[in-house]
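Taking it in order: structure first as structure tokens, then the write-up.
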Amino acid sequence: MEVVGVRFRKVGKVYYFNPCGRNLAVDTPVIVETVRGMEFGIIAIPNRNINNLPIAVKPILRIATAEDLEKEEQNKEKEQEAMGICATTIKEYGLEMRLVDVEITFDLNKVIFYFTAEGRVDFRELVKGLALIFRMRIELRQIGVRDEAKLIGGMGICGCSLCCSTFLEEFHPVSLKMAKEQGLSLNPTKISGACGRLMCCLKYEEETYAQLGKNMPSIGSCVRTPDGDGEVVSLNILRQTAKVKMDKNFKLDTPVIESYEITEIEVLKSCGKCTKNAKKSGTSA
């Protein structure tokens, strides 16, 4: 079946629609019918054939006209006004919630308020109050801190715009194990993003690190280098290098550490240095 992908929010999820015989290029503005009503969207994926879609595909109603574009701009202005009104109303009701974003459907049928809160919030009276003000269907949707960062945007510790607000369409689980496998510090302040959760890049870089780390020796292993035997003290997976503390300098207070390409070293079952360390610690190497 021929479909096109439509995105309704910047870096939002892509939904498939039937182009109804139209050849639609990327960034073409269109009007579609969704479960929320009539919506304004942008083509993110051009015409392509996809079989066995899990849900029924609705048609593209039309390519957005000049009037549609003007109405969309007016809706954006109304969203900013609604943001201020809702924030003031929340304070009046004394609710412990933080308003993050507002979305008004293209046909002015519904207004959706996105907010964060530490726990559950009873906002039933707030909904009634907002319905009297806006004369539209009201929906309040609680989101997590990662979704908040995606909507607001910002800069990461790398100096670039946040991945979630730039190109990541969906969030995936991230664990400390990923940071450990990538040789990063396990200090939460160094591996957490603007949202306070583990950085998303730990997930989509994991596969690369796993592939490159297959032929890497483990830290503490004995290796043979062009300059003699030694012990691996650190690894640089991306550069494919290892730093080795040399046996010939083992007796020095400040042993010499050399860096080698992985192709230059050979992993040994044991070496003189490991034997000495084992005797000193009383453990087997």
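Numbering starts fresh at 1 for the residues of each chain in the structure tokens, the chains themselves are lettered A, B, ... in the order given, and ligands are numbered from 1 as they appear.
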
*For Val267 (chain A): contacts at 8 Å, only C-alpha atoms, fewer than 4 positions along chain excluded, given as a list in words*: Pro217, Ser221, Cys222, Val223 and Arg224 of chain A

Can you write just those residues out, all heavy atoms, as an mmCIF file, in the first residue's frame?
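Result file follows (selection_27.cif):
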data_model
loop_
_atom_site.group_PDB
_atom_site.id
_atom_site.type_symbol
_atom_site.label_atom_id
_atom_site.label_comp_id
_atom_site.auth_asym_id
_atom_site.auth_seq_id
_atom_site.Cartn_x
_atom_site.Cartn_y
_atom_site.Cartn_z
ATOM 1 N N PRO A 217 41.154 -6.039 24.810
ATOM 2 C CA PRO A 217 41.458 -6.785 26.034
ATOM 3 C C PRO A 217 40.742 -6.143 27.216
ATOM 4 O O PRO A 217 40.332 -4.985 27.149
ATOM 5 C CB PRO A 217 42.977 -6.643 26.155
ATOM 6 C CG PRO A 217 43.266 -5.331 25.490
ATOM 7 C CD PRO A 217 42.297 -5.223 24.352
ATOM 8 N N SER A 221 44.231 -7.169 32.329
ATOM 9 C CA SER A 221 44.776 -8.351 31.664
ATOM 10 C C SER A 221 46.252 -8.154 31.321
ATOM 11 O O SER A 221 46.725 -7.031 31.136
ATOM 12 C CB SER A 221 43.975 -8.666 30.401
ATOM 13 O OG SER A 221 44.028 -7.580 29.491
ATOM 14 N N CYS A 222 46.978 -9.259 31.248
ATOM 15 C CA CYS A 222 48.394 -9.229 30.889
ATOM 16 C C CYS A 222 48.531 -9.260 29.372
ATOM 17 O O CYS A 222 47.861 -10.039 28.697
ATOM 18 C CB CYS A 222 49.121 -10.428 31.487
ATOM 19 S SG CYS A 222 49.058 -10.489 33.283
ATOM 20 N N VAL A 223 49.408 -8.421 28.855
ATOM 21 C CA VAL A 223 49.586 -8.351 27.412
ATOM 22 C C VAL A 223 51.080 -8.287 27.071
ATOM 23 O O VAL A 223 51.911 -7.882 27.892
ATOM 24 C CB VAL A 223 48.867 -7.121 26.813
ATOM 25 C CG1 VAL A 223 47.356 -7.246 26.964
ATOM 26 C CG2 VAL A 223 49.361 -5.832 27.441
ATOM 27 N N ARG A 224 51.386 -8.688 25.863
ATOM 28 C CA ARG A 224 52.749 -8.592 25.340
ATOM 29 C C ARG A 224 52.783 -7.506 24.271
ATOM 30 O O ARG A 224 51.979 -7.511 23.357
ATOM 31 C CB ARG A 224 53.210 -9.915 24.758
ATOM 32 C CG ARG A 224 54.596 -9.886 24.116
ATOM 33 C CD ARG A 224 55.178 -11.278 24.072
ATOM 34 N NE ARG A 224 55.400 -11.792 25.429
ATOM 35 C CZ ARG A 224 55.542 -13.093 25.739
ATOM 36 N NH1 ARG A 224 55.489 -13.996 24.777
ATOM 37 N NH2 ARG A 224 55.742 -13.467 26.984
#

*12 Å contact set for Glu148 (chain A), only C-alpha atoms, chain neighbours under 4 positions out, as a PyMOL selection string*: chain A and resi 98-102+114-117+141-144+152-154+162+164-165+194-197

Selected residues written out, C-alpha atoms, as a JSON list (two decimals), in the first residue's frame:
[["chain", "number", "residue", "atom", "x", "y", "z"],
["A", 98, "ARG", "CA", 4.14, 22.82, 36.13],
["A", 99, "LEU", "CA", 2.69, 23.72, 32.75],
["A", 100, "VAL", "CA", 5.06, 22.77, 29.93],
["A", 101, "ASP", "CA", 3.26, 23.20, 26.62],
["A", 102, "VAL", "CA", -0.11, 23.79, 24.98],
["A", 114, "TYR", "CA", 0.98, 19.22, 28.92],
["A", 115, "PHE", "CA", 2.29, 19.42, 32.48],
["A", 116, "THR", "CA", 4.70, 17.79, 34.90],
["A", 117, "ALA", "CA", 4.13, 17.00, 38.57],
["A", 141, "ARG", "CA", -1.85, 15.32, 29.97],
["A", 142, "GLN", "CA", 0.86, 14.60, 32.54],
["A", 143, "ILE", "CA", 4.26, 13.91, 30.97],
["A", 144, "GLY", "CA", 7.66, 12.82, 32.29],
["A", 152, "ILE", "CA", 11.30, 22.72, 25.74],
["A", 153, "GLY", "CA", 14.69, 21.94, 24.14],
["A", 154, "GLY", "CA", 18.06, 23.21, 25.28],
["A", 162, "LEU", "CA", 19.46, 18.17, 22.90],
["A", 164, "CYS", "CA", 15.54, 14.48, 21.94],
["A", 165, "SER", "CA", 14.50, 17.88, 20.60],
["A", 194, "ALA", "CA", 19.27, 18.21, 31.04],
["A", 195, "CYS", "CA", 16.24, 16.22, 32.19],
["A", 196, "GLY", "CA", 18.20, 14.64, 35.05],
["A", 197, "ARG", "CA", 17.96, 11.15, 33.54]]

*Taking the DSSP assignment computed from this structure's backbone, write out as an MDAnalysis selection string all residues of region 62-262 of chain A that belong to strand (DSSP E).*
chainID A and resid 62:63 98:104 110:116 137:142 222:225 228:236 241:246 257:261

*Do you know which residues are at most 12 Å from Lys58 (chain A) counting only C-alpha atoms, after dropping those on the same chain fewer than 4 positions away, and could you put them as a list in words?*
Glu2, Val3, Val4, Gly5, Val6, Tyr15, Tyr16, Phe17, Asn18, Pro19, Cys20, Ile31, Val32, Glu33, Thr34, Val35, Met38 and Leu53 of chain A

Output all heavy atoms for every residue in the selection just made, as a tab-separated table (two decimals), in the first residue's frame.
chain	number	residue	atom	x	y	z
A	2	GLU	N	0.51	2.23	-0.82
A	2	GLU	CA	1.28	3.48	-0.87
A	2	GLU	C	0.85	4.40	0.27
A	2	GLU	O	-0.35	4.66	0.47
A	2	GLU	CB	1.07	4.18	-2.21
A	2	GLU	CG	1.97	5.39	-2.39
A	2	GLU	CD	1.79	6.06	-3.74
A	2	GLU	OE1	0.65	6.15	-4.20
A	2	GLU	OE2	2.81	6.49	-4.32
A	3	VAL	N	1.82	4.89	1.02
A	3	VAL	CA	1.54	5.78	2.16
A	3	VAL	C	2.58	6.90	2.18
A	3	VAL	O	3.60	6.86	1.48
A	3	VAL	CB	1.60	5.00	3.50
A	3	VAL	CG1	0.52	3.94	3.57
A	3	VAL	CG2	2.98	4.38	3.70
A	4	VAL	N	2.28	7.90	3.00
A	4	VAL	CA	3.24	8.97	3.31
A	4	VAL	C	3.28	9.11	4.83
A	4	VAL	O	2.31	8.81	5.52
A	4	VAL	CB	2.86	10.31	2.65
A	4	VAL	CG1	3.00	10.26	1.15
A	4	VAL	CG2	1.45	10.73	3.05
A	5	GLY	N	4.43	9.59	5.34
A	5	GLY	CA	4.56	9.81	6.77
A	5	GLY	C	4.35	11.26	7.11
A	5	GLY	O	4.93	12.15	6.48
A	6	VAL	N	3.51	11.51	8.12
A	6	VAL	CA	3.18	12.88	8.52
A	6	VAL	C	3.60	13.09	9.97
A	6	VAL	O	3.34	12.24	10.84
A	6	VAL	CB	1.67	13.16	8.36
A	6	VAL	CG1	1.33	14.57	8.85
A	6	VAL	CG2	1.25	12.98	6.92
A	15	TYR	N	3.31	9.46	11.62
A	15	TYR	CA	2.12	8.65	11.39
A	15	TYR	C	1.88	8.51	9.89
A	15	TYR	O	2.12	9.46	9.14
A	15	TYR	CB	0.89	9.29	12.06
A	15	TYR	CG	1.00	9.39	13.56
A	15	TYR	CD1	1.62	10.49	14.16
A	15	TYR	CD2	0.50	8.39	14.39
A	15	TYR	CE1	1.72	10.59	15.53
A	15	TYR	CE2	0.61	8.48	15.76
A	15	TYR	CZ	1.22	9.58	16.33
A	15	TYR	OH	1.33	9.67	17.69
A	16	TYR	N	1.38	7.35	9.49
A	16	TYR	CA	1.19	7.07	8.06
A	16	TYR	C	-0.23	7.38	7.61
A	16	TYR	O	-1.21	7.11	8.32
A	16	TYR	CB	1.53	5.61	7.76
A	16	TYR	CG	3.00	5.32	7.86
A	16	TYR	CD1	3.52	4.58	8.91
A	16	TYR	CD2	3.89	5.81	6.90
A	16	TYR	CE1	4.87	4.32	9.01
A	16	TYR	CE2	5.25	5.56	6.98
A	16	TYR	CZ	5.73	4.82	8.05
A	16	TYR	OH	7.08	4.57	8.14
A	17	PHE	N	-0.33	7.97	6.40
A	17	PHE	CA	-1.61	8.31	5.80
A	17	PHE	C	-1.59	7.93	4.32
A	17	PHE	O	-0.53	7.81	3.71
A	17	PHE	CB	-1.90	9.81	5.95
A	17	PHE	CG	-2.19	10.24	7.36
A	17	PHE	CD1	-1.15	10.54	8.23
A	17	PHE	CD2	-3.49	10.34	7.82
A	17	PHE	CE1	-1.41	10.93	9.54
A	17	PHE	CE2	-3.76	10.74	9.12
A	17	PHE	CZ	-2.72	11.03	9.99
A	18	ASN	N	-2.78	7.78	3.79
A	18	ASN	CA	-2.95	7.46	2.37
A	18	ASN	C	-2.88	8.75	1.55
A	18	ASN	O	-3.70	9.65	1.76
A	18	ASN	CB	-4.30	6.77	2.16
A	18	ASN	CG	-4.47	6.28	0.73
A	18	ASN	OD1	-3.76	6.69	-0.19
A	18	ASN	ND2	-5.44	5.39	0.54
A	19	PRO	N	-1.93	8.87	0.62
A	19	PRO	CA	-1.81	10.11	-0.16
A	19	PRO	C	-2.92	10.27	-1.21
A	19	PRO	O	-3.03	11.34	-1.82
A	19	PRO	CB	-0.44	9.98	-0.83
A	19	PRO	CG	-0.24	8.50	-0.96
A	19	PRO	CD	-0.88	7.90	0.28
A	20	CYS	N	-3.70	9.23	-1.42
A	20	CYS	CA	-4.83	9.28	-2.38
A	20	CYS	C	-4.37	9.70	-3.78
A	20	CYS	O	-4.98	10.58	-4.42
A	20	CYS	CB	-5.91	10.23	-1.86
A	20	CYS	SG	-6.64	9.73	-0.29
A	31	ILE	N	-3.42	18.69	5.39
A	31	ILE	CA	-4.50	18.62	6.36
A	31	ILE	C	-5.00	17.18	6.38
A	31	ILE	O	-5.30	16.60	5.31
A	31	ILE	CB	-5.66	19.57	6.00
A	31	ILE	CG1	-5.14	21.01	5.86
A	31	ILE	CG2	-6.75	19.49	7.06
A	31	ILE	CD1	-4.54	21.59	7.12
A	32	VAL	N	-5.08	16.59	7.57
A	32	VAL	CA	-5.50	15.20	7.70
A	32	VAL	C	-6.56	15.08	8.79
A	32	VAL	O	-6.72	15.97	9.63
A	32	VAL	CB	-4.30	14.28	8.04
A	32	VAL	CG1	-3.26	14.32	6.94
A	32	VAL	CG2	-3.70	14.66	9.38
A	33	GLU	N	-7.24	13.95	8.78
A	33	GLU	CA	-8.24	13.66	9.80
A	33	GLU	C	-7.67	12.62	10.76
A	33	GLU	O	-7.21	11.55	10.34
A	33	GLU	CB	-9.52	13.12	9.16
A	33	GLU	CG	-10.65	12.85	10.14
A	33	GLU	CD	-11.30	14.13	10.67
A	33	GLU	OE1	-11.27	15.15	9.95
A	33	GLU	OE2	-11.82	14.10	11.79
A	34	THR	N	-7.67	12.91	12.07
A	34	THR	CA	-7.15	12.00	13.08
A	34	THR	C	-8.24	11.75	14.12
A	34	THR	O	-9.34	12.30	14.05
A	34	THR	CB	-5.91	12.58	13.77
A	34	THR	OG1	-6.29	13.69	14.61
A	34	THR	CG2	-4.88	13.06	12.75
A	35	VAL	N	-7.90	10.92	15.10
A	35	VAL	CA	-8.86	10.64	16.18
A	35	VAL	C	-9.16	11.88	16.99
A	35	VAL	O	-10.19	11.96	17.68
A	35	VAL	CB	-8.32	9.52	17.09
A	35	VAL	CG1	-8.24	8.20	16.34
A	35	VAL	CG2	-6.96	9.90	17.66
A	38	MET	N	-9.56	17.28	12.91
A	38	MET	CA	-8.78	17.74	11.77
A	38	MET	C	-7.46	18.32	12.26
A	38	MET	O	-7.42	19.12	13.19
A	38	MET	CB	-9.56	18.79	10.98
A	38	MET	CG	-8.96	19.11	9.62
A	38	MET	SD	-10.00	20.28	8.69
A	38	MET	CE	-11.46	19.29	8.43
A	53	LEU	N	0.51	-2.92	7.39
A	53	LEU	CA	0.45	-1.92	8.44
A	53	LEU	C	-0.52	-2.39	9.52
A	53	LEU	O	-1.59	-2.94	9.22
A	53	LEU	CB	-0.01	-0.57	7.88
A	53	LEU	CG	1.03	0.19	7.05
A	53	LEU	CD1	0.40	1.42	6.42
A	53	LEU	CD2	2.20	0.59	7.91

*asked:* as a PyMOL selection string, please: the residues near Leu126 (chain A) (cut-off 12 Å, only C-alpha atoms, same-chain neighbours under 2 positions excluded).
replied: chain A and resi 85-95+97+113+121-124+128-133+138-140

_What's around Lys214 (chain A) at 12 Å? Count only C-alpha atoms, leave out sequence neighbours fewer than 5 positions away in its own chain, and write the answer as a PyMOL selection string._
chain A and resi 181+207-209+237-238+240+262

*Separation of CA of Val111 (chain A) from CA of Arg137 (chain A), in Å and rounded to one decimal*: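 Pair CA of Val111 (chain A) / CA of Arg137 (chain A) returns 6.3 Å.
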
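With CA of Asn51 (chain A) on one side and CA of Glu170 (chain A) on the other, the separation reads 22.4 Å.
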
*In Å, with one decimal, what is the gap from CA of Asn23 (chain A) to CA of Ile50 (chain A)?*
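Between CA of Asn23 (chain A) and CA of Ile50 (chain A) the gap works out to 15.4 Å.
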
_Run DSSP on the backbone and tell me which residues of region 190-267 of chain A come out as helix (DSSP H, G or I); list them as a list in words._
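Answer for region 190-267 of chain A, restricted to helix (DSSP H, G or I): Lys190, Ile191, Cys201, Leu202, Lys203, Tyr204, Glu206, Glu207, Thr208, Tyr209, Ala210, Gln211, Leu212, Gly213, Lys214, Asn215, Asp247, Lys248, Asn249, Ile262, Thr263 and Glu264 of chain A.
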
Keeping only N, CA, C and O atoms, write those residues as a short mmCIF file (atom, residue, chain, number, x, y, z; two decimals), in the first residue's frame.
data_model
loop_
_atom_site.label_atom_id
_atom_site.label_comp_id
_atom_site.auth_asym_id
_atom_site.auth_seq_id
_atom_site.Cartn_x
_atom_site.Cartn_y
_atom_site.Cartn_z
N LYS A 190 27.70 13.40 35.59
CA LYS A 190 28.46 13.44 34.35
C LYS A 190 27.81 12.67 33.21
O LYS A 190 28.19 12.85 32.05
N ILE A 191 26.86 11.82 33.53
CA ILE A 191 26.24 11.01 32.48
C ILE A 191 24.73 11.25 32.41
O ILE A 191 24.00 10.47 31.80
N CYS A 201 22.10 9.46 24.43
CA CYS A 201 23.17 9.02 23.53
C CYS A 201 23.84 7.75 24.01
O CYS A 201 24.48 7.05 23.23
N LEU A 202 23.72 7.41 25.30
CA LEU A 202 24.28 6.16 25.80
C LEU A 202 23.63 4.97 25.10
O LEU A 202 24.28 3.94 24.89
N LYS A 203 22.37 5.12 24.74
CA LYS A 203 21.64 4.02 24.10
C LYS A 203 22.02 3.86 22.64
O LYS A 203 22.40 2.77 22.20
N TYR A 204 21.94 4.95 21.85
CA TYR A 204 22.16 4.76 20.43
C TYR A 204 23.63 4.68 20.05
O TYR A 204 23.97 4.42 18.90
N GLU A 206 25.51 2.60 21.99
CA GLU A 206 25.86 1.32 22.61
C GLU A 206 26.29 0.29 21.57
O GLU A 206 27.27 -0.43 21.76
N GLU A 207 25.57 0.20 20.47
CA GLU A 207 25.86 -0.81 19.44
C GLU A 207 27.26 -0.62 18.87
O GLU A 207 28.00 -1.59 18.65
N THR A 208 27.65 0.65 18.64
CA THR A 208 28.97 0.93 18.09
C THR A 208 30.06 0.51 19.07
O THR A 208 31.05 -0.13 18.69
N TYR A 209 29.88 0.85 20.34
CA TYR A 209 30.87 0.48 21.35
C TYR A 209 30.96 -1.04 21.51
O TYR A 209 32.04 -1.60 21.69
N ALA A 210 29.82 -1.73 21.45
CA ALA A 210 29.81 -3.19 21.57
C ALA A 210 30.57 -3.83 20.41
O ALA A 210 31.33 -4.80 20.60
N GLN A 211 30.39 -3.29 19.21
CA GLN A 211 31.07 -3.84 18.04
C GLN A 211 32.57 -3.60 18.11
O GLN A 211 33.38 -4.50 17.85
N LEU A 212 32.96 -2.37 18.48
CA LEU A 212 34.38 -2.04 18.54
C LEU A 212 35.08 -2.72 19.72
O LEU A 212 36.30 -2.93 19.69
N GLY A 213 34.31 -3.04 20.77
CA GLY A 213 34.92 -3.62 21.97
C GLY A 213 35.12 -5.11 21.91
O GLY A 213 35.69 -5.70 22.84
N LYS A 214 34.69 -5.76 20.82
CA LYS A 214 34.81 -7.22 20.74
C LYS A 214 36.25 -7.70 20.81
O LYS A 214 36.55 -8.74 21.40
N ASN A 215 37.16 -6.96 20.16
CA ASN A 215 38.56 -7.40 20.11
C ASN A 215 39.45 -6.69 21.12
O ASN A 215 40.67 -6.80 21.05
N ASP A 247 56.11 -4.03 32.64
CA ASP A 247 56.79 -4.82 33.67
C ASP A 247 58.17 -4.29 33.98
O ASP A 247 58.60 -4.27 35.12
N LYS A 248 58.91 -3.82 32.95
CA LYS A 248 60.29 -3.40 33.17
C LYS A 248 60.39 -2.19 34.08
O LYS A 248 61.45 -1.91 34.62
N ASN A 249 59.25 -1.47 34.24
CA ASN A 249 59.24 -0.32 35.12
C ASN A 249 58.44 -0.58 36.39
O ASN A 249 58.09 0.34 37.12
N ILE A 262 45.67 -1.72 19.35
CA ILE A 262 45.24 -3.06 19.73
C ILE A 262 45.94 -4.12 18.87
O ILE A 262 46.24 -5.22 19.33
N THR A 263 46.23 -3.77 17.63
CA THR A 263 46.89 -4.72 16.75
C THR A 263 48.34 -4.96 17.15
O THR A 263 48.97 -5.90 16.65
N GLU A 264 48.89 -4.14 18.05
CA GLU A 264 50.29 -4.27 18.45
C GLU A 264 50.47 -5.13 19.69
O GLU A 264 51.60 -5.44 20.06
#

*Rank A:Cys163, A:Val11, A:Ile55, A:Met199 by their smallest atom-to-atom distance to Leu184 (chain A), using only C-alpha atoms, and report the top residue only.*
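Nearest candidate to Leu184 (chain A) out of A:Cys163, A:Val11, A:Ile55, A:Met199: A:Met199.
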
*Determine the nearest neighbour of Ala25 (chain A) from the options A:Phe8, A:Ile63, A:Val57, A:Leu176, counting only C-alpha atoms.*
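The shortest atom-to-atom distance to Ala25 (chain A) comes from A:Ile63.
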
Neighbouring residues of Pro29 (chain A) were defined as those with any atom within 8 Å, considering only C-alpha atoms; residues of the same chain fewer than 3 positions away were excluded. Please report them as a CSV table (one decimal) with C-alpha atoms, in the first residue's frame.
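Generated output (result.csv):
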chain,number,residue,atom,x,y,z
A,40,PHE,CA,-2.3,20.3,10.3
A,41,GLY,CA,0.9,18.3,9.6
A,42,ILE,CA,4.1,18.2,7.6
A,43,ILE,CA,5.2,15.4,5.3
A,63,ILE,CA,-2.6,19.9,0.7
A,64,ALA,CA,-2.7,22.9,3.0

*9 Å contact set for Lys10 (chain A), only C-alpha atoms, chain neighbours under 4 positions out, as a PyMOL selection string*: chain A and resi 151+165-167
